[in-house]
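The structure appears right after this line, and notes come after that.
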Amino acid sequence: MTDASINTHTLQPEASFGDYVALLKPRVMSLVVFTALVGLLAAPVGVHPMIGFASILFIAVGAGASGALNMWWDADIDAVMKRTAKRPVPAGKVEPGEALAIGVALSGFAVVMLALASNLVAAGLLAFTILFYAVVYTMWLKRWTPQNIVIGGAAGAFPPMIGWAVATGGIGLESVLMFLLIFMWTPPHFWALALFMNADYEKAGVPMLTVTHGRRVTRNHVLAYTVLLAPLAVGTAFTSIGGPVYLLTSVVLNALFLLGAWRIWRRDEEAAQADKYKVEKSFFGLSLLYLFLHFGAILMEAALRPYGLGGWG
Amino acid sequence: MSFRATHELHRRRAGRNIGLALVLLAFIAIVFGLTVVKVTSGDPMQAFDHVPRPEMATDGTPAQGD
């Protein structure tokens, strides 16, 4: 009688704990944790470490919840793309309904807990971020417009603003600048990836700029956004979160980033295919370093401040 | 025939149960830690959500332990 419970022939493969963790997109969560932490530590007001830790955790849970909602909605296109075919829902490990339930439940949980741990502004921003990513980006923009990642990038740009709001209870010029840094960085970062990966998106019918407008237009866009990003990133050095360390980091990184974008813009598809997208790939690698080091420099300025060394003194 | 969990499926279920147990224990620890910090920080606050409310201080100085 009890043996029936171990007869797996008729059962769906059951998910392991790790499959549920994968549903929350842990790699995206780690980026959210880092940028939210920088936002929190760069704020002029300190918070108790326990409150800071709990708030960052709930922001990460909220980000994970929106990841689960994204996987629920996008299971059909994830299944046809090589990069995403092994995600828990398209792989058949987690039922789509389960992913939806986990996403909705964790979203509510994260927002309520963040409100209790910190304040309503931070919780409101987190709720808006989850809605923006799950509804505006995933359900609406992603399959509709090639500008999907430009506007969708806003969802990834909110975490430092939420971290800042945890500490200050509001929004400031500096937190908006940190938002804009990620927001303007997203298009060149993603379009460089799309230049050497677009076969997948084409197969899934996602309107990537490379598919809808061609590679020449994409190359122009990469350069345009990089040119707009540079003064914004360097200008942040002269606000209360910046300082000499940030300025030096930013000037070097933006010079390299502009050079990379110009090299992408200068060449055509034949040249790119000849060296297997070497320039595009190195620009993509640099873009990861670019964001990490900018936020690392903001963190460094905040860490030096207690010793009278951070900022412009 | 034994009733012990010998099947791979049982191992996966056990892993899930232990994982969930650890998550719940961590949540209890966090709520406890948050409560201790909020209650002992001595900000003027109301008990229902333990959120500081500066407007509750009448003379501009923070009220202790209200």
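Going by the structure tokens order, chains are called A, B, ..., each with residues numbered from 1, while ligands are numbered from 1 in the order shown.
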*Would you kindly return, as a ChimeraX atom specification, each protein, DNA or RNA residue with an atom no farther than 10 Å from any atom of B:Gly15, considering only C-alpha atoms and excluding same-chain residues fewer than 4 positions away?*
/A:16-18 /B:9-11,19-21
Given the selection you just returned, output its residues as a file containing all heavy atoms, formatted as a short mmCIF file (atom, residue, chain, number, x, y, z; two decimals), in the first residue's frame.
data_model
loop_
_atom_site.label_atom_id
_atom_site.label_comp_id
_atom_site.auth_asym_id
_atom_site.auth_seq_id
_atom_site.Cartn_x
_atom_site.Cartn_y
_atom_site.Cartn_z
N SER A 16 13.76 19.50 -6.67
CA SER A 16 14.58 19.50 -5.46
C SER A 16 14.60 20.93 -4.91
O SER A 16 14.12 21.86 -5.56
CB SER A 16 16.00 19.04 -5.78
OG SER A 16 16.62 20.00 -6.60
N PHE A 17 15.18 21.09 -3.73
CA PHE A 17 15.25 22.43 -3.13
C PHE A 17 16.01 23.38 -4.05
O PHE A 17 15.62 24.54 -4.23
CB PHE A 17 15.93 22.34 -1.76
CG PHE A 17 15.84 23.62 -0.98
CD1 PHE A 17 14.64 24.04 -0.44
CD2 PHE A 17 16.97 24.41 -0.79
CE1 PHE A 17 14.56 25.22 0.26
CE2 PHE A 17 16.89 25.60 -0.08
CZ PHE A 17 15.68 26.00 0.45
N GLY A 18 17.05 22.85 -4.67
CA GLY A 18 17.87 23.67 -5.58
C GLY A 18 17.07 24.21 -6.76
O GLY A 18 17.35 25.30 -7.26
N LEU B 9 13.68 9.63 -4.92
CA LEU B 9 12.60 10.60 -4.71
C LEU B 9 12.51 11.03 -3.24
O LEU B 9 12.30 12.19 -2.92
CB LEU B 9 11.28 9.93 -5.13
CG LEU B 9 10.03 10.78 -5.07
CD1 LEU B 9 10.04 11.79 -6.18
CD2 LEU B 9 8.81 9.89 -5.19
N HIS B 10 12.70 10.04 -2.34
CA HIS B 10 12.65 10.36 -0.91
C HIS B 10 13.80 11.25 -0.50
O HIS B 10 13.63 12.13 0.34
CB HIS B 10 12.67 9.06 -0.09
CG HIS B 10 11.37 8.32 -0.15
ND1 HIS B 10 11.27 7.06 -0.67
CD2 HIS B 10 10.13 8.70 0.20
CE1 HIS B 10 10.01 6.69 -0.63
NE2 HIS B 10 9.29 7.66 -0.11
N ARG B 11 14.96 11.01 -1.09
CA ARG B 11 16.10 11.86 -0.77
C ARG B 11 15.83 13.29 -1.18
O ARG B 11 16.14 14.23 -0.47
CB ARG B 11 17.36 11.34 -1.49
CG ARG B 11 18.15 10.34 -0.67
CD ARG B 11 19.60 10.26 -1.16
NE ARG B 11 19.67 9.90 -2.56
CZ ARG B 11 19.60 8.66 -3.02
NH1 ARG B 11 19.46 7.66 -2.17
NH2 ARG B 11 19.67 8.40 -4.31
N GLY B 19 15.63 21.92 3.69
CA GLY B 19 15.84 23.28 3.17
C GLY B 19 14.79 24.24 3.68
O GLY B 19 15.09 25.33 4.16
N LEU B 20 13.53 23.81 3.61
CA LEU B 20 12.43 24.67 4.06
C LEU B 20 12.52 24.92 5.56
O LEU B 20 12.29 26.03 6.03
CB LEU B 20 11.08 24.03 3.70
CG LEU B 20 9.85 24.89 3.96
CD1 LEU B 20 9.91 26.18 3.16
CD2 LEU B 20 8.58 24.13 3.61
N ALA B 21 12.90 23.87 6.31
CA ALA B 21 13.06 24.03 7.76
C ALA B 21 14.12 25.07 8.08
O ALA B 21 13.91 25.94 8.93
CB ALA B 21 13.43 22.68 8.39
#
*Do you know which residues are at most 7 Å from stretch 243-256 of chain A counting only C-alpha atoms, after dropping those on the same chain fewer than 5 positions away, and could you put them as a ChimeraX atom specification?*
/A:230,233-234,237-238,290,294,297-298,301,310-312
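The interface of chain A with chain B at 7 Å, considering only C-alpha atoms, consists of Ile6, Ser16, Phe17, Met50, Ile51, Ala54, Leu116 and Ala117 of chain A.
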Could the residues in this selection be written to a file with N, CA, C and O atoms, as a PDB file, in the first residue's frame?
ATOM      1  N   ILE A   6       6.181   5.343  -3.701  1.00  0.00           N
ATOM      2  CA  ILE A   6       7.515   5.384  -4.309  1.00  0.00           C
ATOM      3  C   ILE A   6       7.497   4.918  -5.765  1.00  0.00           C
ATOM      4  O   ILE A   6       8.524   4.713  -6.373  1.00  0.00           O
ATOM      5  N   SER A  16      13.765  19.498  -6.671  1.00  0.00           N
ATOM      6  CA  SER A  16      14.578  19.500  -5.459  1.00  0.00           C
ATOM      7  C   SER A  16      14.598  20.927  -4.912  1.00  0.00           C
ATOM      8  O   SER A  16      14.115  21.856  -5.562  1.00  0.00           O
ATOM      9  N   PHE A  17      15.185  21.087  -3.727  1.00  0.00           N
ATOM     10  CA  PHE A  17      15.251  22.427  -3.131  1.00  0.00           C
ATOM     11  C   PHE A  17      16.007  23.381  -4.054  1.00  0.00           C
ATOM     12  O   PHE A  17      15.622  24.536  -4.226  1.00  0.00           O
ATOM     13  N   MET A  50      21.641  45.179  11.813  1.00  0.00           N
ATOM     14  CA  MET A  50      20.593  44.144  11.734  1.00  0.00           C
ATOM     15  C   MET A  50      19.475  44.583  10.785  1.00  0.00           C
ATOM     16  O   MET A  50      18.984  43.792   9.972  1.00  0.00           O
ATOM     17  N   ILE A  51      19.095  45.855  10.887  1.00  0.00           N
ATOM     18  CA  ILE A  51      18.037  46.373  10.004  1.00  0.00           C
ATOM     19  C   ILE A  51      18.537  46.416   8.566  1.00  0.00           C
ATOM     20  O   ILE A  51      17.827  46.050   7.631  1.00  0.00           O
ATOM     21  N   ALA A  54      18.634  42.747   7.254  1.00  0.00           N
ATOM     22  CA  ALA A  54      17.287  42.218   6.983  1.00  0.00           C
ATOM     23  C   ALA A  54      16.682  42.905   5.752  1.00  0.00           C
ATOM     24  O   ALA A  54      16.057  42.244   4.909  1.00  0.00           O
ATOM     25  N   LEU A 116       8.026  46.636   7.285  1.00  0.00           N
ATOM     26  CA  LEU A 116       8.170  46.486   8.731  1.00  0.00           C
ATOM     27  C   LEU A 116       9.616  46.695   9.174  1.00  0.00           C
ATOM     28  O   LEU A 116       9.873  47.294  10.215  1.00  0.00           O
ATOM     29  N   ALA A 117      10.561  46.198   8.381  1.00  0.00           N
ATOM     30  CA  ALA A 117      11.973  46.302   8.774  1.00  0.00           C
ATOM     31  C   ALA A 117      12.500  47.724   8.591  1.00  0.00           C
ATOM     32  O   ALA A 117      13.270  48.208   9.412  1.00  0.00           O
TER      33      ALA A 117
END
Counting only C-alpha atoms, what is within 10 Å of A:Ala302, bar same-chain residues fewer than 4 positions away, as a PDB file with N, CA, C and O atoms, in the first residue's frame?
ATOM      1  N   VAL A  38      25.298  48.895  -1.754  1.00  0.00           N
ATOM      2  CA  VAL A  38      26.045  50.128  -2.027  1.00  0.00           C
ATOM      3  C   VAL A  38      25.141  51.341  -1.801  1.00  0.00           C
ATOM      4  O   VAL A  38      25.537  52.317  -1.164  1.00  0.00           O
ATOM      5  N   GLY A  39      23.906  51.265  -2.295  1.00  0.00           N
ATOM      6  CA  GLY A  39      22.947  52.358  -2.099  1.00  0.00           C
ATOM      7  C   GLY A  39      22.729  52.644  -0.622  1.00  0.00           C
ATOM      8  O   GLY A  39      22.678  53.795  -0.185  1.00  0.00           O
ATOM      9  N   LEU A  40      22.637  51.577   0.158  1.00  0.00           N
ATOM     10  CA  LEU A  40      22.384  51.720   1.595  1.00  0.00           C
ATOM     11  C   LEU A  40      23.596  52.311   2.311  1.00  0.00           C
ATOM     12  O   LEU A  40      23.470  53.204   3.149  1.00  0.00           O
ATOM     13  N   LEU A  41      24.788  51.826   1.964  1.00  0.00           N
ATOM     14  CA  LEU A  41      25.996  52.284   2.668  1.00  0.00           C
ATOM     15  C   LEU A  41      26.447  53.672   2.210  1.00  0.00           C
ATOM     16  O   LEU A  41      27.117  54.387   2.958  1.00  0.00           O
ATOM     17  N   ALA A  42      26.089  54.055   0.971  1.00  0.00           N
ATOM     18  CA  ALA A  42      26.489  55.370   0.473  1.00  0.00           C
ATOM     19  C   ALA A  42      25.606  56.484   1.044  1.00  0.00           C
ATOM     20  O   ALA A  42      25.966  57.655   0.970  1.00  0.00           O
ATOM     21  N   ALA A  43      24.460  56.118   1.597  1.00  0.00           N
ATOM     22  CA  ALA A  43      23.520  57.117   2.129  1.00  0.00           C
ATOM     23  C   ALA A  43      24.142  57.865   3.302  1.00  0.00           C
ATOM     24  O   ALA A  43      24.952  57.295   4.043  1.00  0.00           O
ATOM     25  N   PRO A  44      23.776  59.150   3.453  1.00  0.00           N
ATOM     26  CA  PRO A  44      24.390  59.950   4.518  1.00  0.00           C
ATOM     27  C   PRO A  44      23.961  59.537   5.929  1.00  0.00           C
ATOM     28  O   PRO A  44      24.600  59.940   6.894  1.00  0.00           O
ATOM     29  N   SER A 240      27.667  63.929  -3.377  1.00  0.00           N
ATOM     30  CA  SER A 240      28.106  63.502  -2.042  1.00  0.00           C
ATOM     31  C   SER A 240      28.547  62.038  -1.999  1.00  0.00           C
ATOM     32  O   SER A 240      29.235  61.620  -1.065  1.00  0.00           O
ATOM     33  N   ILE A 241      28.160  61.218  -2.991  1.00  0.00           N
ATOM     34  CA  ILE A 241      28.597  59.818  -2.967  1.00  0.00           C
ATOM     35  C   ILE A 241      29.918  59.628  -3.718  1.00  0.00           C
ATOM     36  O   ILE A 241      30.496  58.554  -3.679  1.00  0.00           O
ATOM     37  N   GLY A 242      30.363  60.673  -4.435  1.00  0.00           N
ATOM     38  CA  GLY A 242      31.596  60.569  -5.225  1.00  0.00           C
ATOM     39  C   GLY A 242      32.805  61.032  -4.442  1.00  0.00           C
ATOM     40  O   GLY A 242      32.733  61.313  -3.243  1.00  0.00           O
ATOM     41  N   GLY A 243      33.935  61.103  -5.153  1.00  0.00           N
ATOM     42  CA  GLY A 243      35.179  61.522  -4.527  1.00  0.00           C
ATOM     43  C   GLY A 243      36.321  61.206  -5.471  1.00  0.00           C
ATOM     44  O   GLY A 243      36.084  60.740  -6.586  1.00  0.00           O
ATOM     45  N   GLY A 296      31.678  49.592  -6.848  1.00  0.00           N
ATOM     46  CA  GLY A 296      32.768  49.325  -5.910  1.00  0.00           C
ATOM     47  C   GLY A 296      33.423  50.621  -5.452  1.00  0.00           C
ATOM     48  O   GLY A 296      33.763  50.780  -4.281  1.00  0.00           O
ATOM     49  N   ALA A 297      33.578  51.586  -6.387  1.00  0.00           N
ATOM     50  CA  ALA A 297      34.206  52.872  -6.046  1.00  0.00           C
ATOM     51  C   ALA A 297      33.305  53.692  -5.126  1.00  0.00           C
ATOM     52  O   ALA A 297      33.794  54.356  -4.201  1.00  0.00           O
ATOM     53  N   ILE A 298      31.989  53.639  -5.363  1.00  0.00           N
ATOM     54  CA  ILE A 298      31.052  54.346  -4.474  1.00  0.00           C
ATOM     55  C   ILE A 298      31.153  53.749  -3.070  1.00  0.00           C
ATOM     56  O   ILE A 298      31.177  54.465  -2.055  1.00  0.00           O
ATOM     57  N   PRO A 306      34.436  57.461   7.195  1.00  0.00           N
ATOM     58  CA  PRO A 306      34.650  57.559   8.651  1.00  0.00           C
ATOM     59  C   PRO A 306      36.082  57.965   9.016  1.00  0.00           C
ATOM     60  O   PRO A 306      36.320  58.474  10.106  1.00  0.00           O
ATOM     61  N   TYR A 307      37.034  57.745   8.110  1.00  0.00           N
ATOM     62  CA  TYR A 307      38.433  58.096   8.405  1.00  0.00           C
ATOM     63  C   TYR A 307      38.789  59.479   7.832  1.00  0.00           C
ATOM     64  O   TYR A 307      39.953  59.849   7.783  1.00  0.00           O
ATOM     65  N   LEU A 309      38.639  60.381   4.766  1.00  0.00           N
ATOM     66  CA  LEU A 309      39.320  60.294   3.480  1.00  0.00           C
ATOM     67  C   LEU A 309      38.356  60.260   2.289  1.00  0.00           C
ATOM     68  O   LEU A 309      38.721  60.635   1.176  1.00  0.00           O
ATOM     69  N   GLY A 310      37.148  59.782   2.485  1.00  0.00           N
ATOM     70  CA  GLY A 310      36.198  59.642   1.368  1.00  0.00           C
ATOM     71  C   GLY A 310      35.642  60.989   0.938  1.00  0.00           C
ATOM     72  O   GLY A 310      35.731  61.985   1.667  1.00  0.00           O
ATOM     73  N   GLY A 311      35.095  61.041  -0.245  1.00  0.00           N
ATOM     74  CA  GLY A 311      34.463  62.258  -0.749  1.00  0.00           C
ATOM     75  C   GLY A 311      35.478  63.353  -1.024  1.00  0.00           C
ATOM     76  O   GLY A 311      36.675  63.103  -1.127  1.00  0.00           O
TER      77      GLY A 311
END
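You will find atom CA of A:Ile182 at 19.9 Å from atom CA of A:Gly124.
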_Contacts of stretch 262-268 of chain A at 10 Å (only C-alpha atoms; same-chain gap of 2+ positions) as a VMD selection string_ = chain A and resid 192 195 215 to 224 226 to 227 256 to 260 270 to 273 277 to 280 283
*stretch 175-181 of chain A: which residues within 6 Å, counting only C-alpha atoms, same-chain residues fewer than 6 positions away excluded, as a list of chain:residue names?*
A:Ala157, A:Phe158, A:Met161
_Close residues, A:Ile77 itself excluded, 10 Å, only C-alpha atoms, min 5 positions apart in chain, as number ranges by chain_ = A: 71, 84-85, 90, 143, 200-201, 203-206
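The smallest atom-to-atom distance between A:Pro160 and any of A:Leu193, A:Leu57, A:Leu31, A:Met300, using only C-alpha atoms, is found for A:Leu31.
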